[in-house]
$ cat coords_19.json   # JSON, N, CA and C atoms
[["chain", "number", "residue", "atom", "x", "y", "z"],
["A", 22, "MET", "N", 124.89, 113.11, 40.68],
["A", 22, "MET", "CA", 124.29, 114.39, 40.47],
["A", 22, "MET", "C", 122.79, 114.29, 40.73],
["A", 23, "THR", "N", 122.27, 115.18, 41.55],
["A", 23, "THR", "CA", 120.86, 115.16, 41.87],
["A", 23, "THR", "C", 120.18, 116.38, 41.31],
["A", 24, "GLY", "N", 119.00, 116.18, 40.82],
["A", 24, "GLY", "CA", 118.21, 117.28, 40.28],
["A", 24, "GLY", "C", 116.91, 117.41, 41.04],
["A", 25, "ALA", "N", 116.08, 118.33, 40.61],
["A", 25, "ALA", "CA", 114.80, 118.56, 41.28],
["A", 25, "ALA", "C", 113.87, 117.36, 41.13],
["A", 26, "GLY", "N", 114.02, 116.58, 40.07],
["A", 26, "GLY", "CA", 113.15, 115.43, 39.84],
["A", 26, "GLY", "C", 113.59, 114.17, 40.56],
["A", 27, "ASP", "N", 114.72, 114.21, 41.28],
["A", 27, "ASP", "CA", 115.27, 113.04, 41.94],
["A", 27, "ASP", "C", 114.88, 112.98, 43.43],
["A", 28, "ARG", "N", 113.71, 113.42, 43.79],
["A", 28, "ARG", "CA", 113.29, 113.41, 45.18],
["A", 28, "ARG", "C", 112.75, 112.03, 45.56],
["A", 29, "LEU", "N", 112.86, 111.73, 46.83],
["A", 29, "LEU", "CA", 112.29, 110.49, 47.34],
["A", 29, "LEU", "C", 110.78, 110.65, 47.42],
["A", 30, "PRO", "N", 110.03, 109.57, 47.23],
["A", 30, "PRO", "CA", 108.57, 109.68, 47.32],
["A", 30, "PRO", "C", 108.15, 110.04, 48.75],
["A", 31, "ALA", "N", 107.08, 110.81, 48.86],
["A", 31, "ALA", "CA", 106.58, 111.20, 50.18],
["A", 31, "ALA", "C", 106.03, 109.96, 50.89],
["A", 32, "ARG", "N", 106.36, 109.84, 52.16],
["A", 32, "ARG", "CA", 105.91, 108.69, 52.94],
["A", 32, "ARG", "C", 104.73, 109.09, 53.80],
["A", 33, "GLY", "N", 103.75, 108.23, 53.87],
["A", 33, "GLY", "CA", 102.58, 108.45, 54.71],
["A", 33, "GLY", "C", 102.89, 108.09, 56.15],
["A", 34, "PRO", "N", 101.90, 108.14, 56.99],
["A", 34, "PRO", "CA", 102.12, 107.78, 58.39],
["A", 34, "PRO", "C", 102.51, 106.31, 58.53],
["A", 35, "ALA", "N", 103.25, 106.02, 59.57],
["A", 35, "ALA", "CA", 103.69, 104.66, 59.82],
["A", 35, "ALA", "C", 102.51, 103.79, 60.22],
["A", 36, "LEU", "N", 102.63, 102.49, 60.04],
["A", 36, "LEU", "CA", 101.57, 101.55, 60.38],
["A", 36, "LEU", "C", 101.22, 101.63, 61.86],
["A", 37, "VAL", "N", 102.21, 101.82, 62.71],
["A", 37, "VAL", "CA", 101.98, 101.93, 64.15],
["A", 37, "VAL", "C", 101.10, 103.14, 64.45],
["A", 38, "ASP", "N", 101.33, 104.25, 63.77],
["A", 38, "ASP", "CA", 100.52, 105.45, 63.98],
["A", 38, "ASP", "C", 99.08, 105.22, 63.53],
["A", 39, "LEU", "N", 98.89, 104.53, 62.43],
["A", 39, "LEU", "CA", 97.54, 104.23, 61.95],
["A", 39, "LEU", "C", 96.79, 103.32, 62.93],
["A", 40, "LEU", "N", 97.47, 102.29, 63.43],
["A", 40, "LEU", "CA", 96.84, 101.40, 64.40],
["A", 40, "LEU", "C", 96.50, 102.13, 65.69],
["A", 41, "ASP", "N", 97.38, 103.04, 66.12],
["A", 41, "ASP", "CA", 97.12, 103.81, 67.33],
["A", 41, "ASP", "C", 95.87, 104.67, 67.16],
["A", 42, "ARG", "N", 95.73, 105.30, 66.02],
["A", 42, "ARG", "CA", 94.54, 106.13, 65.76],
["A", 42, "ARG", "C", 93.28, 105.29, 65.71],
["A", 43, "LEU", "N", 93.34, 104.14, 65.07],
["A", 43, "LEU", "CA", 92.17, 103.28, 64.96],
["A", 43, "LEU", "C", 91.75, 102.74, 66.33],
["A", 44, "LEU", "N", 92.71, 102.26, 67.11],
["A", 44, "LEU", "CA", 92.39, 101.67, 68.40],
["A", 44, "LEU", "C", 91.97, 102.71, 69.42],
["A", 45, "ALA", "N", 92.43, 103.94, 69.28],
["A", 45, "ALA", "CA", 92.03, 105.00, 70.21],
["A", 45, "ALA", "C", 90.53, 105.27, 70.09],
["A", 46, "GLY", "N", 90.00, 105.22, 68.89],
["A", 46, "GLY", "CA", 88.58, 105.45, 68.69],
["A", 46, "GLY", "C", 87.76, 104.18, 68.68],
["A", 47, "GLY", "N", 88.38, 103.06, 68.41],
["A", 47, "GLY", "CA", 87.68, 101.79, 68.34],
["A", 47, "GLY", "C", 87.33, 101.44, 66.90],
["A", 48, "VAL", "N", 87.28, 100.17, 66.63],
["A", 48, "VAL", "CA", 86.97, 99.66, 65.30],
["A", 48, "VAL", "C", 85.88, 98.60, 65.46],
["A", 49, "VAL", "N", 84.86, 98.69, 64.63],
["A", 49, "VAL", "CA", 83.79, 97.70, 64.64],
["A", 49, "VAL", "C", 83.90, 96.89, 63.35],
["A", 50, "LEU", "N", 83.98, 95.57, 63.50],
["A", 50, "LEU", "CA", 84.03, 94.67, 62.34],
["A", 50, "LEU", "C", 82.73, 93.88, 62.29],
["A", 51, "THR", "N", 82.11, 93.85, 61.14],
["A", 51, "THR", "CA", 80.92, 93.03, 60.95],
["A", 51, "THR", "C", 81.06, 92.26, 59.65],
["A", 52, "GLY", "N", 80.51, 91.08, 59.64],
["A", 52, "GLY", "CA", 80.58, 90.28, 58.43],
["A", 52, "GLY", "C", 79.62, 89.11, 58.48],
["A", 53, "ASP", "N", 79.22, 88.65, 57.33],
["A", 53, "ASP", "CA", 78.33, 87.50, 57.20],
["A", 53, "ASP", "C", 78.92, 86.55, 56.17],
["A", 54, "LEU", "N", 78.89, 85.28, 56.49],
["A", 54, "LEU", "CA", 79.37, 84.25, 55.57],
["A", 54, "LEU", "C", 78.32, 83.16, 55.52],
["A", 55, "THR", "N", 77.86, 82.84, 54.33],
["A", 55, "THR", "CA", 76.85, 81.80, 54.17],
["A", 55, "THR", "C", 77.32, 80.81, 53.12],
["A", 56, "LEU", "N", 77.30, 79.53, 53.49],
["A", 56, "LEU", "CA", 77.63, 78.45, 52.56],
["A", 56, "LEU", "C", 76.32, 77.80, 52.15],
["A", 57, "ARG", "N", 76.01, 77.89, 50.87],
["A", 57, "ARG", "CA", 74.75, 77.32, 50.40],
["A", 57, "ARG", "C", 74.98, 76.49, 49.15],
["A", 58, "ILE", "N", 74.18, 75.46, 49.05],
["A", 58, "ILE", "CA", 74.20, 74.60, 47.87],
["A", 58, "ILE", "C", 72.75, 74.45, 47.41],
["A", 59, "ALA", "N", 72.50, 74.71, 46.14],
["A", 59, "ALA", "CA", 71.16, 74.60, 45.53],
["A", 59, "ALA", "C", 70.15, 75.42, 46.33],
["A", 60, "ASP", "N", 70.53, 76.65, 46.67],
["A", 60, "ASP", "CA", 69.66, 77.57, 47.41],
["A", 60, "ASP", "C", 69.23, 77.05, 48.78],
["A", 61, "VAL", "N", 70.04, 76.19, 49.37],
["A", 61, "VAL", "CA", 69.79, 75.71, 50.73],
["A", 61, "VAL", "C", 70.97, 76.15, 51.58],
["A", 62, "ASP", "N", 70.70, 76.97, 52.61],
["A", 62, "ASP", "CA", 71.76, 77.43, 53.50],
["A", 62, "ASP", "C", 72.24, 76.27, 54.37],
["A", 63, "LEU", "N", 73.53, 75.94, 54.27],
["A", 63, "LEU", "CA", 74.09, 74.86, 55.08],
["A", 63, "LEU", "C", 74.81, 75.40, 56.31],
["A", 64, "VAL", "N", 75.58, 76.46, 56.13],
["A", 64, "VAL", "CA", 76.35, 77.05, 57.23],
["A", 64, "VAL", "C", 76.21, 78.56, 57.14],
["A", 65, "ARG", "N", 75.95, 79.19, 58.27],
["A", 65, "ARG", "CA", 75.90, 80.65, 58.32],
["A", 65, "ARG", "C", 76.70, 81.13, 59.51],
["A", 66, "ILE", "N", 77.62, 82.05, 59.26],
["A", 66, "ILE", "CA", 78.46, 82.62, 60.31],
["A", 66, "ILE", "C", 78.29, 84.13, 60.29],
["A", 67, "ASP", "N", 77.91, 84.69, 61.43],
["A", 67, "ASP", "CA", 77.79, 86.14, 61.60],
["A", 67, "ASP", "C", 78.90, 86.60, 62.53],
["A", 68, "LEU", "N", 79.60, 87.64, 62.14],
["A", 68, "LEU", "CA", 80.69, 88.17, 62.95],
["A", 68, "LEU", "C", 80.38, 89.62, 63.31],
["A", 69, "HIS", "N", 80.43, 89.91, 64.59],
["A", 69, "HIS", "CA", 80.29, 91.27, 65.09],
["A", 69, "HIS", "C", 81.34, 91.43, 66.18],
["A", 70, "ALA", "N", 82.34, 92.27, 65.94],
["A", 70, "ALA", "CA", 83.43, 92.42, 66.89],
["A", 70, "ALA", "C", 83.76, 93.89, 67.07],
["A", 71, "LEU", "N", 84.08, 94.27, 68.31],
["A", 71, "LEU", "CA", 84.53, 95.61, 68.63],
["A", 71, "LEU", "C", 85.97, 95.49, 69.12],
["A", 72, "ILE", "N", 86.87, 96.20, 68.46],
["A", 72, "ILE", "CA", 88.28, 96.17, 68.83],
["A", 72, "ILE", "C", 88.65, 97.58, 69.28],
["A", 73, "SER", "N", 89.17, 97.68, 70.49],
["A", 73, "SER", "CA", 89.49, 98.99, 71.04],
["A", 73, "SER", "C", 90.67, 98.84, 72.00],
["A", 74, "SER", "N", 91.35, 99.94, 72.24],
["A", 74, "SER", "CA", 92.45, 99.91, 73.20],
["A", 74, "SER", "C", 91.89, 99.93, 74.62],
["A", 75, "VAL", "N", 92.69, 99.51, 75.57],
["A", 75, "VAL", "CA", 92.28, 99.43, 76.97],
["A", 75, "VAL", "C", 93.10, 100.42, 77.77],
["A", 76, "ASP", "N", 92.41, 101.22, 78.56],
["A", 76, "ASP", "CA", 93.07, 102.19, 79.42],
["A", 76, "ASP", "C", 93.16, 101.60, 80.82],
["A", 77, "ALA", "N", 94.32, 101.64, 81.43],
["A", 77, "ALA", "CA", 94.51, 101.06, 82.76],
["A", 77, "ALA", "C", 93.72, 101.82, 83.82],
["A", 78, "GLY", "N", 93.36, 103.08, 83.57],
["A", 78, "GLY", "CA", 92.62, 103.87, 84.54],
["A", 78, "GLY", "C", 91.14, 103.56, 84.58],
["A", 79, "VAL", "N", 90.64, 102.78, 83.64],
["A", 79, "VAL", "CA", 89.21, 102.44, 83.59],
["A", 79, "VAL", "C", 88.97, 101.19, 84.41],
["A", 80, "ALA", "N", 87.96, 101.25, 85.28],
["A", 80, "ALA", "CA", 87.65, 100.10, 86.12],
["A", 80, "ALA", "C", 87.08, 98.96, 85.28],
["A", 81, "ALA", "N", 87.30, 97.74, 85.76],
["A", 81, "ALA", "CA", 86.77, 96.57, 85.08],
["A", 81, "ALA", "C", 85.25, 96.56, 85.22],
["A", 82, "PRO", "N", 84.51, 96.11, 84.19],
["A", 82, "PRO", "CA", 83.05, 96.11, 84.29],
["A", 82, "PRO", "C", 82.52, 95.16, 85.34],
["A", 83, "ARG", "N", 83.29, 94.11, 85.66],
["A", 83, "ARG", "CA", 82.84, 93.14, 86.63],
["A", 83, "ARG", "C", 84.04, 92.73, 87.47],
["A", 84, "ARG", "N", 83.94, 92.92, 88.75],
["A", 84, "ARG", "CA", 85.05, 92.55, 89.64],
["A", 84, "ARG", "C", 84.72, 91.22, 90.32],
["A", 85, "GLU", "N", 85.74, 90.39, 90.43],
["A", 85, "GLU", "CA", 85.55, 89.12, 91.11],
["A", 85, "GLU", "C", 85.56, 89.36, 92.61],
["A", 86, "GLU", "N", 84.66, 88.69, 93.30],
["A", 86, "GLU", "CA", 84.56, 88.83, 94.76],
["A", 86, "GLU", "C", 85.70, 88.07, 95.41],
["A", 87, "ALA", "N", 86.32, 88.70, 96.40],
["A", 87, "ALA", "CA", 87.39, 88.03, 97.16],
["A", 87, "ALA", "C", 86.76, 87.02, 98.10],
["A", 88, "ALA", "N", 87.32, 85.82, 98.13],
["A", 88, "ALA", "CA", 86.74, 84.76, 98.96],
["A", 88, "ALA", "C", 87.24, 84.81, 100.36]]
$ encode --input "coords_19.json" --output "C-alpha cells"
Amino acid sequence: MTGAGDRLPARGPALVDLLDRLLAGGVVLTGDLTLRIADVDLVRIDLHALISSVDAGVAAPRREEAA
C-alpha cells in the first residue's frame, strides 16, 4: 500500500550532466601547498590548471610544419 508520504526522493542532475556543464565553460583549479618546519619553507608547490572541453572545429594553436 502506497501513500502520499511514500514518494521516492527527488534526484538531481546526473554526474555526467554536471561534468558536461563544467567542461563546456571551463574550470580553473588553483592551489598552494607549503611544507615548513620551524617556520622554514622546505617545499612549495603552486598549482594553476585550466580544464576545458576540446572542440574538433577549433584549429590547433600551433601546427607542426610538414617536412
$ atom_distance --input "coords_19.json" --atom1 "atom N of A:Gly46" --atom2 "atom N of A:Ala70"
15.3 Å
$ atom_distance --input "coords_19.json" --atom1 "atom CA of A:Leu68" --atom2 "atom C of A:Asp53"
7.2 Å
$ closest_residue --input "coords_19.json" --among "A:Asp41, A:Leu63, A:Val49, A:Arg57" --to "A:Val75" --atoms "only C-alpha atoms"
A:Asp41
$ closest_residue --input "coords_19.json" --among "A:Leu50, A:Val61, A:Leu44, A:Ala31" --to "A:Ser74" --atoms "all atoms listed in the file"
A:Leu44
$ atom_distance --input "coords_19.json" --atom1 "atom C of A:Ile72" --atom2 "atom CA of A:Thr55"
24.8 Å
$ axis_aligned_box --input "coords_19.json" --around "stretch 38-45 of chain A" --padding-each-side "8 Å" --output "lines of an AutoDock Vina configuration file"
center_x = 95.9
center_y = 103.8
center_z = 66.1
size_x = 26.8
size_y = 20.7
size_z = 24.3
